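Data file: coords34.cif. Format and content: mmCIF, C-alpha atoms.
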```
data_run
#
loop_
_atom_site.group_PDB
_atom_site.id
_atom_site.type_symbol
_atom_site.label_atom_id
_atom_site.label_comp_id
_atom_site.auth_asym_id
_atom_site.auth_seq_id
_atom_site.Cartn_x
_atom_site.Cartn_y
_atom_site.Cartn_z
ATOM 1 C CA GLN P 13 25.021 60.468 -4.292
ATOM 2 C CA VAL P 14 22.636 63.332 -3.610
ATOM 3 C CA THR P 15 20.727 63.143 -0.341
ATOM 4 C CA CYS P 16 17.635 65.341 -0.064
ATOM 5 C CA LEU P 17 15.067 65.850 2.648
ATOM 6 C CA LEU P 18 12.902 68.811 1.739
ATOM 7 C CA GLY P 19 10.703 70.473 4.348
ATOM 8 C CA VAL P 20 8.783 73.665 5.024
ATOM 9 C CA ALA P 21 9.608 75.964 7.953
ATOM 10 C CA LEU P 22 6.378 77.221 9.565
ATOM 11 C CA ALA P 23 5.867 80.330 11.671
ATOM 12 C CA LEU P 24 5.517 79.182 15.301
ATOM 13 C CA PRO P 25 5.003 80.847 18.681
ATOM 14 C CA ALA P 26 8.284 81.556 20.496
ATOM 15 C CA TRP P 27 8.060 78.574 22.860
ATOM 16 C CA GLN P 28 7.185 76.200 20.033
ATOM 17 C CA ALA P 29 9.956 77.620 17.860
ATOM 18 C CA GLU P 30 12.451 77.004 20.665
ATOM 19 C CA ALA P 31 11.227 73.418 21.005
ATOM 20 C CA GLN P 32 11.425 72.949 17.241
ATOM 21 C CA ILE P 33 15.025 74.166 17.200
ATOM 22 C CA THR P 34 15.868 71.739 20.010
ATOM 23 C CA LEU P 35 14.346 68.898 18.008
ATOM 24 C CA ASP P 36 16.169 69.933 14.855
ATOM 25 C CA VAL P 37 19.520 70.043 16.668
ATOM 26 C CA ALA P 38 19.053 66.412 17.684
ATOM 27 C CA SER P 39 17.670 65.213 14.359
ATOM 28 C CA THR P 40 20.296 67.115 12.364
ATOM 29 C CA LYS P 41 23.092 65.680 14.476
ATOM 30 C CA ALA P 42 21.733 62.175 13.899
ATOM 31 C CA GLU P 43 21.469 62.797 10.154
ATOM 32 C CA LEU P 44 25.062 64.034 9.926
ATOM 33 C CA VAL P 45 26.244 60.988 11.836
ATOM 34 C CA ARG P 46 24.279 58.749 9.460
ATOM 35 C CA LEU P 47 25.887 60.474 6.481
ATOM 36 C CA ARG P 48 29.332 60.086 8.061
ATOM 37 C CA ALA P 49 29.973 63.807 7.918
ATOM 38 C CA SER P 50 33.400 64.782 9.215
ATOM 39 C CA ALA P 51 33.866 65.762 12.848
ATOM 40 C CA SER P 52 34.616 69.326 11.724
ATOM 41 C CA ALA P 53 31.371 69.563 9.744
ATOM 42 C CA GLN P 54 29.400 68.191 12.681
ATOM 43 C CA ASP P 55 31.099 70.483 15.203
ATOM 44 C CA LEU P 56 30.531 73.598 13.111
ATOM 45 C CA THR P 57 26.891 72.743 12.403
ATOM 46 C CA GLN P 58 26.165 72.166 16.081
ATOM 47 C CA TRP P 59 27.901 75.418 17.031
ATOM 48 C CA VAL P 60 25.935 77.374 14.421
ATOM 49 C CA MET P 61 22.643 76.022 15.707
ATOM 50 C CA HIS P 62 23.423 76.439 19.413
ATOM 51 C CA SER P 63 24.857 79.944 19.002
ATOM 52 C CA ALA P 64 22.347 81.061 16.325
ATOM 53 C CA ASP P 65 25.304 82.426 14.388
ATOM 54 C CA HIS P 66 23.247 82.006 11.206
ATOM 55 C CA GLN P 67 20.836 84.686 12.494
ATOM 56 C CA GLY P 68 17.737 82.727 11.586
ATOM 57 C CA LEU P 69 18.749 82.335 7.949
ATOM 58 C CA PRO P 70 19.213 79.133 5.936
ATOM 59 C CA PHE P 71 22.827 78.044 5.969
ATOM 60 C CA VAL P 72 25.293 75.888 4.091
ATOM 61 C CA VAL P 73 28.352 74.058 5.399
ATOM 62 C CA ILE P 74 31.041 73.297 2.822
ATOM 63 C CA ASP P 75 33.587 70.674 3.874
ATOM 64 C CA LYS P 76 36.552 71.118 1.540
ATOM 65 C CA ARG P 77 38.498 68.133 2.850
ATOM 66 C CA ASP P 78 35.597 65.803 2.081
ATOM 67 C CA ALA P 79 34.382 67.837 -0.933
ATOM 68 C CA ARG P 80 30.811 67.873 0.400
ATOM 69 C CA VAL P 81 28.048 70.430 0.796
ATOM 70 C CA PHE P 82 25.366 70.338 3.509
ATOM 71 C CA VAL P 83 22.284 72.587 3.402
ATOM 72 C CA PHE P 84 20.068 73.494 6.374
ATOM 73 C CA SER P 85 16.828 75.411 6.888
ATOM 74 C CA PRO P 86 16.569 78.534 9.115
ATOM 75 C CA VAL P 87 15.690 76.301 12.098
ATOM 76 C CA GLY P 88 18.534 73.913 11.357
ATOM 77 C CA ARG P 89 16.532 71.200 9.630
ATOM 78 C CA PHE P 90 18.761 69.141 7.339
ATOM 79 C CA LEU P 91 17.692 69.688 3.718
ATOM 80 C CA GLY P 92 20.315 67.917 1.672
ATOM 81 C CA ALA P 93 23.920 66.917 1.082
ATOM 82 C CA SER P 94 25.946 66.511 -2.057
ATOM 83 C CA PRO P 95 29.486 66.094 -3.374
ATOM 84 C CA ALA P 96 31.024 69.237 -4.835
ATOM 85 C CA LEU P 97 33.871 70.411 -7.035
ATOM 86 C CA LEU P 98 36.112 73.019 -5.435
ATOM 87 C CA GLY P 99 39.098 75.228 -6.167
ATOM 88 C CA LEU P 100 42.107 73.460 -7.666
ATOM 89 C CA ALA P 101 44.566 74.709 -5.044
ATOM 90 C CA ILE P 102 44.697 73.577 -1.433
ATOM 91 C CA GLY P 103 44.472 76.580 0.874
ATOM 92 C CA ASP P 104 42.180 78.763 2.943
ATOM 93 C CA GLU P 105 43.116 82.271 1.838
ATOM 94 C CA GLY P 106 41.571 84.123 -1.064
ATOM 95 C CA VAL P 107 43.233 86.554 -3.435
ATOM 96 C CA ALA P 108 42.141 90.191 -3.362
ATOM 97 C CA GLY P 109 40.783 91.445 -6.676
ATOM 98 C CA LEU P 110 40.731 87.994 -8.228
ATOM 99 C CA GLY P 111 37.293 88.573 -9.698
ATOM 100 C CA GLU P 112 38.592 91.486 -11.764
ATOM 101 C CA ARG P 113 41.180 89.399 -13.602
ATOM 102 C CA PRO P 114 40.661 87.207 -16.697
ATOM 103 C CA LEU P 115 40.732 83.480 -15.952
ATOM 104 C CA ALA P 116 43.867 83.101 -18.061
ATOM 105 C CA GLN P 117 45.717 85.384 -15.630
ATOM 106 C CA ILE P 118 44.866 83.320 -12.555
ATOM 107 C CA SER P 119 47.710 80.968 -11.624
ATOM 108 C CA PRO P 120 46.998 77.416 -10.361
ATOM 109 C CA GLU P 121 48.079 78.236 -6.794
ATOM 110 C CA GLU P 122 45.579 81.102 -6.689
ATOM 111 C CA ARG P 123 42.624 78.854 -7.484
ATOM 112 C CA THR P 124 41.498 78.375 -3.883
ATOM 113 C CA THR P 125 38.071 78.198 -2.275
ATOM 114 C CA PRO P 126 38.651 80.547 0.677
ATOM 115 C CA ALA P 127 37.498 79.481 4.129
ATOM 116 C CA GLY P 128 35.189 81.679 6.164
ATOM 117 C CA ARG P 129 31.664 82.857 6.862
ATOM 118 C CA TYR P 130 29.827 84.560 3.988
ATOM 119 C CA LEU P 131 26.443 86.213 3.508
ATOM 120 C CA ALA P 132 25.162 84.622 0.302
ATOM 121 C CA ALA P 133 22.344 85.437 -2.111
ATOM 122 C CA LEU P 134 21.072 84.329 -5.492
ATOM 123 C CA ASP P 135 21.910 86.501 -8.485
ATOM 124 C CA ARG P 136 22.812 86.196 -12.150
ATOM 125 C CA ASN P 137 26.302 86.122 -13.593
ATOM 126 C CA LEU P 138 27.384 87.966 -16.742
ATOM 127 C CA SER P 139 26.008 85.094 -18.841
ATOM 128 C CA GLY P 140 22.571 85.442 -17.264
ATOM 129 C CA GLN P 141 22.838 82.175 -15.324
ATOM 130 C CA THR P 142 21.504 81.979 -11.777
ATOM 131 C CA ILE P 143 24.225 81.490 -9.182
ATOM 132 C CA LEU P 144 24.592 81.787 -5.422
ATOM 133 C CA TRP P 145 27.112 84.527 -4.725
ATOM 134 C CA VAL P 146 29.336 83.501 -1.811
ATOM 135 C CA ASP P 147 31.962 86.253 -2.047
ATOM 136 C CA TYR P 148 31.455 88.748 -4.850
ATOM 137 C CA SER P 149 34.811 90.509 -4.326
ATOM 138 C CA GLN P 150 36.689 87.267 -4.953
ATOM 139 C CA SER P 151 34.243 86.034 -7.593
ATOM 140 C CA ILE P 152 33.393 82.947 -5.534
ATOM 141 C CA SER P 153 29.959 81.446 -6.115
ATOM 142 C CA MET P 154 28.054 78.187 -5.928
ATOM 143 C CA HIS P 155 26.396 77.033 -9.120
ATOM 144 C CA PRO P 156 25.351 73.875 -10.957
ATOM 145 C CA VAL P 157 28.206 72.075 -12.627
ATOM 146 C CA ARG P 158 28.756 73.005 -16.259
ATOM 147 C CA SER P 159 30.799 70.925 -18.654
ATOM 148 C CA VAL P 160 32.282 73.801 -20.664
ATOM 149 C CA ASN P 161 35.635 72.098 -21.217
ATOM 150 C CA PRO P 162 35.203 68.327 -21.768
ATOM 151 C CA ALA P 163 38.881 67.773 -20.950
ATOM 152 C CA GLU P 164 38.228 68.806 -17.347
ATOM 153 C CA GLN P 165 35.710 65.933 -16.925
ATOM 154 C CA ARG P 166 33.731 67.830 -14.304
ATOM 155 C CA LEU P 167 30.673 65.583 -14.487
ATOM 156 C CA GLU P 168 32.846 62.506 -14.148
ATOM 157 C CA ARG P 169 34.708 64.031 -11.205
ATOM 158 C CA LEU P 170 31.437 64.702 -9.383
ATOM 159 C CA ALA P 171 30.266 61.145 -9.975
ATOM 160 C CA SER P 172 33.549 59.631 -8.791
ATOM 161 C CA PRO P 173 33.546 58.161 -5.246
ATOM 162 C CA SER P 174 37.012 59.641 -4.632
ATOM 163 C CA VAL P 175 37.489 63.157 -3.252
ATOM 164 C CA GLN P 176 40.969 63.382 -4.747
ATOM 165 C CA ASP P 177 39.641 64.444 -8.153
ATOM 166 C CA ASN P 178 37.153 67.054 -6.891
ATOM 167 C CA ARG P 179 39.645 69.914 -7.088
ATOM 168 C CA ILE P 180 39.336 71.551 -10.501
ATOM 169 C CA SER P 181 37.532 74.913 -10.351
ATOM 170 C CA TYR P 182 38.904 78.444 -10.111
ATOM 171 C CA GLY P 183 37.459 78.631 -6.598
ATOM 172 C CA CYS P 184 33.735 78.303 -7.184
ATOM 173 C CA ILE P 185 31.674 75.488 -5.694
ATOM 174 C CA ASN P 186 30.135 73.256 -8.373
ATOM 175 C CA VAL P 187 27.231 70.997 -7.354
ATOM 176 C CA PRO P 188 25.096 68.516 -9.329
ATOM 177 C CA VAL P 189 22.263 70.063 -11.333
ATOM 178 C CA LEU P 190 19.588 68.033 -9.513
ATOM 179 C CA PHE P 191 20.908 69.134 -6.117
ATOM 180 C CA TRP P 192 20.998 72.745 -7.279
ATOM 181 C CA GLN P 193 17.435 72.642 -8.562
ATOM 182 C CA SER P 194 15.865 70.666 -5.722
ATOM 183 C CA VAL P 195 17.774 71.959 -2.683
ATOM 184 C CA VAL P 196 19.840 75.113 -3.227
ATOM 185 C CA LEU P 197 17.418 77.127 -5.369
ATOM 186 C CA PRO P 198 14.312 76.550 -3.198
ATOM 187 C CA THR P 199 16.274 77.273 -0.030
ATOM 188 C CA PHE P 200 17.654 80.629 -1.203
ATOM 189 C CA ARG P 201 14.959 81.768 -3.630
ATOM 190 C CA GLU P 202 13.249 84.196 -1.232
ATOM 191 C CA THR P 203 16.057 84.962 1.188
ATOM 192 C CA GLN P 204 19.728 85.463 1.835
ATOM 193 C CA GLY P 205 21.649 82.856 3.782
ATOM 194 C CA ILE P 206 24.988 82.082 5.385
ATOM 195 C CA VAL P 207 27.666 79.928 3.773
ATOM 196 C CA TYR P 208 30.346 78.451 6.019
ATOM 197 C CA VAL P 209 33.440 77.180 4.187
ATOM 198 C CA LEU P 210 35.505 74.934 6.450
ATOM 199 C CA PRO P 211 39.284 75.375 6.417
ATOM 200 C CA GLU P 212 41.526 72.595 5.176
ATOM 201 C CA LYS P 213 44.891 73.848 6.453
ATOM 202 C CA ARG P 214 43.956 76.157 9.311
ATOM 203 C CA SER P 215 42.092 75.123 12.457
ATOM 204 C CA LEU P 216 38.356 75.651 12.886
ATOM 205 C CA GLU P 217 39.017 77.978 15.828
ATOM 206 C CA SER P 218 41.271 80.252 13.793
ATOM 207 C CA VAL P 219 38.538 80.812 11.189
ATOM 208 C CA PHE P 220 35.414 80.666 13.379
ATOM 209 C CA THR P 221 36.584 82.109 16.685
ATOM 210 C CA GLY P 222 33.245 81.703 18.429
ATOM 211 C CA ILE P 223 33.422 77.928 18.087
ATOM 212 C CA LYS P 224 35.845 77.863 21.035
ATOM 213 C CA THR P 225 32.896 78.275 23.390
ATOM 214 C CA GLN P 226 31.111 75.220 21.988
ATOM 215 C CA LYS P 227 32.454 71.903 23.282
#
```

Write the structure described by the file as C-alpha cells, please.
Amino acid sequence: QVTCLLGVALALPAWQAEAQITLDVASTKAELVRLRASASAQDLTQWVMHSADHQGLPFVVIDKRDARVFVFSPVGRFLGASPALLGLAIGDEGVAGLGERPLAQISPEERTTPAGRYLAALDRNLSGQTILWVDYSQSISMHPVRSVNPAEQRLERLASPSVQDNRISYGCINVPVLFWQSVVLPTFRETQGIVYVLPEKRSLESVFTGIKTQK
C-alpha cells in the first residue's frame, strides 16, 4: 500500500521555521508510529531531524529489513511511504567498481543495497529514463519498478504483503510507479537530497556514528 501526504514547504522567518520543525518532529513521529515503522527507522528519522544531519534537504529513509521507503520534506514533514524491492543479497557493504561491470558478471552475493548516507539527485540512465542516483560509483539508484524479465515477478513481489520476496534487484531500490510519480519525483525535482539506507546486519551506530548522541 502506498501512503502519501503531499505538502508544500514555505519560506518562514527563523523563529517560525524553528517552530515548524518542532511541530513536524512531533507529527512525523506520530505518523511513523501509525504506520508501524520499525524502531530503527523511527530512531534514525528522529536523529536526522534533531541533528539537522540532512542539512535542510529533503531526505529518504530506506528500511531494508522491512523493505520500506519513507520520504520527508526539508523540514521533516512526512510525504509518503511505500514498499520497495531491494538487492538480492543480505548485507550492508557495497562492491567497488560494480557499476563498471556487466550485469552478467555480478554474482548473487554481490547484489547488495549498501547501507549508509548518500547525497542523491535526479538524473537519466543510459536508456534515458529518469532515476534518483543514490551512489553513482556503485551504480545504486532508486527508480520506478520495471518488469523487464517477467520471470522475476517484480510487480507481484511489490504487491505481496510479505517482505521475504522483496529481495530481487542488483542493488537498486525499486518503488511503485505511482509512488515514484507522486512522491519521489516532486520531492527531488528541483533539489538534491539525502538518502539514508539502514543496515540489516550492522548496528545503526556503526553506520551512522552521530546517532549515539540521540537517545

* To do: Decode the PyMOL selection byres ((chain P and resi 94-102) around 6) for the given file into explicit residues and return them as a ChimeraX atom specification.
  => /P:14,79-81,93,103,121,123-125,178-183,185-187

* Shell around P:Glu105 at 10 Å using all atoms listed in the file, local window under 4 positions removed, as a PyMOL selection string -> chain P and resi 122-128+211+213-214

* Please provide as a list in words all residues within 7 Å of P:Ala108, with the sequence filter that same-chain residues fewer than 2 positions apart are discarded (counting all atoms listed in the file). =>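 Contacts, with the query itself left out: Gly106, Leu110 and Gln150 of chain P.
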
* **Exercise: stretch 59-69 of chain P partners within 10 Å, all atoms listed in the file, chain neighbours under 2 positions left out, as a ChimeraX atom specification** => /P:33-34,36-37,40,53-57,71-73,84-89,129,131,199-200,203-208,220,222-227

* To one decimal in Å, tell me the separation between atom CA of P:Pro120 and atom CA of P:Ala163. =>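 It comes out at 16.5 Å.
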
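Interatomic distance, atom CA of P:Leu91 to atom CA of P:Ala132: 17.0 Å.
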
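This file, queried with the PyMOL selection byres ((chain P and resi 154) around 8), gives the residues Ile143, Leu144, Trp145, Val146, Ile152, Ser153, His155, Pro156, Cys184, Ile185, Asn186 and Val187 of chain P.
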
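The gap separating atom CA of P:Ala49 from atom CA of P:Tyr148 is 28.1 Å, in Å to one decimal.
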
What are the centre and the three edge lengths of an axis-aligned box that wraps all atoms of stretch 70-80 of chain P in the file, given that 3 Å is added to every side, written as AutoDock Vina command-line options and rounded to one decimal in Å?
```
--center_x 28.9 --center_y 72.5 --center_z 2.5 --size_x 25.3 --size_y 19.3 --size_z 12.9
```

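Each of P:Val157, P:Leu190, P:Ile74, P:Ala171 was compared to P:Tyr130 using only C-alpha atoms, and P:Ile74 turns out to be the nearest.
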
* Can you work out which one of P:Pro188, P:Gly92, P:Pro114, P:Pro70 has the shortest atom-to-atom distance to P:Arg201, counting only C-alpha atoms? =>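 Among the listed residues, P:Pro70 lies closest to P:Arg201.
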
* To do: Apply the PyMOL selection byres ((chain P and resi 175) around 8) to the displayed file and report the matching residues as a VMD selection string.
  => chain P and resid 77 to 79 172 to 174 176 to 178
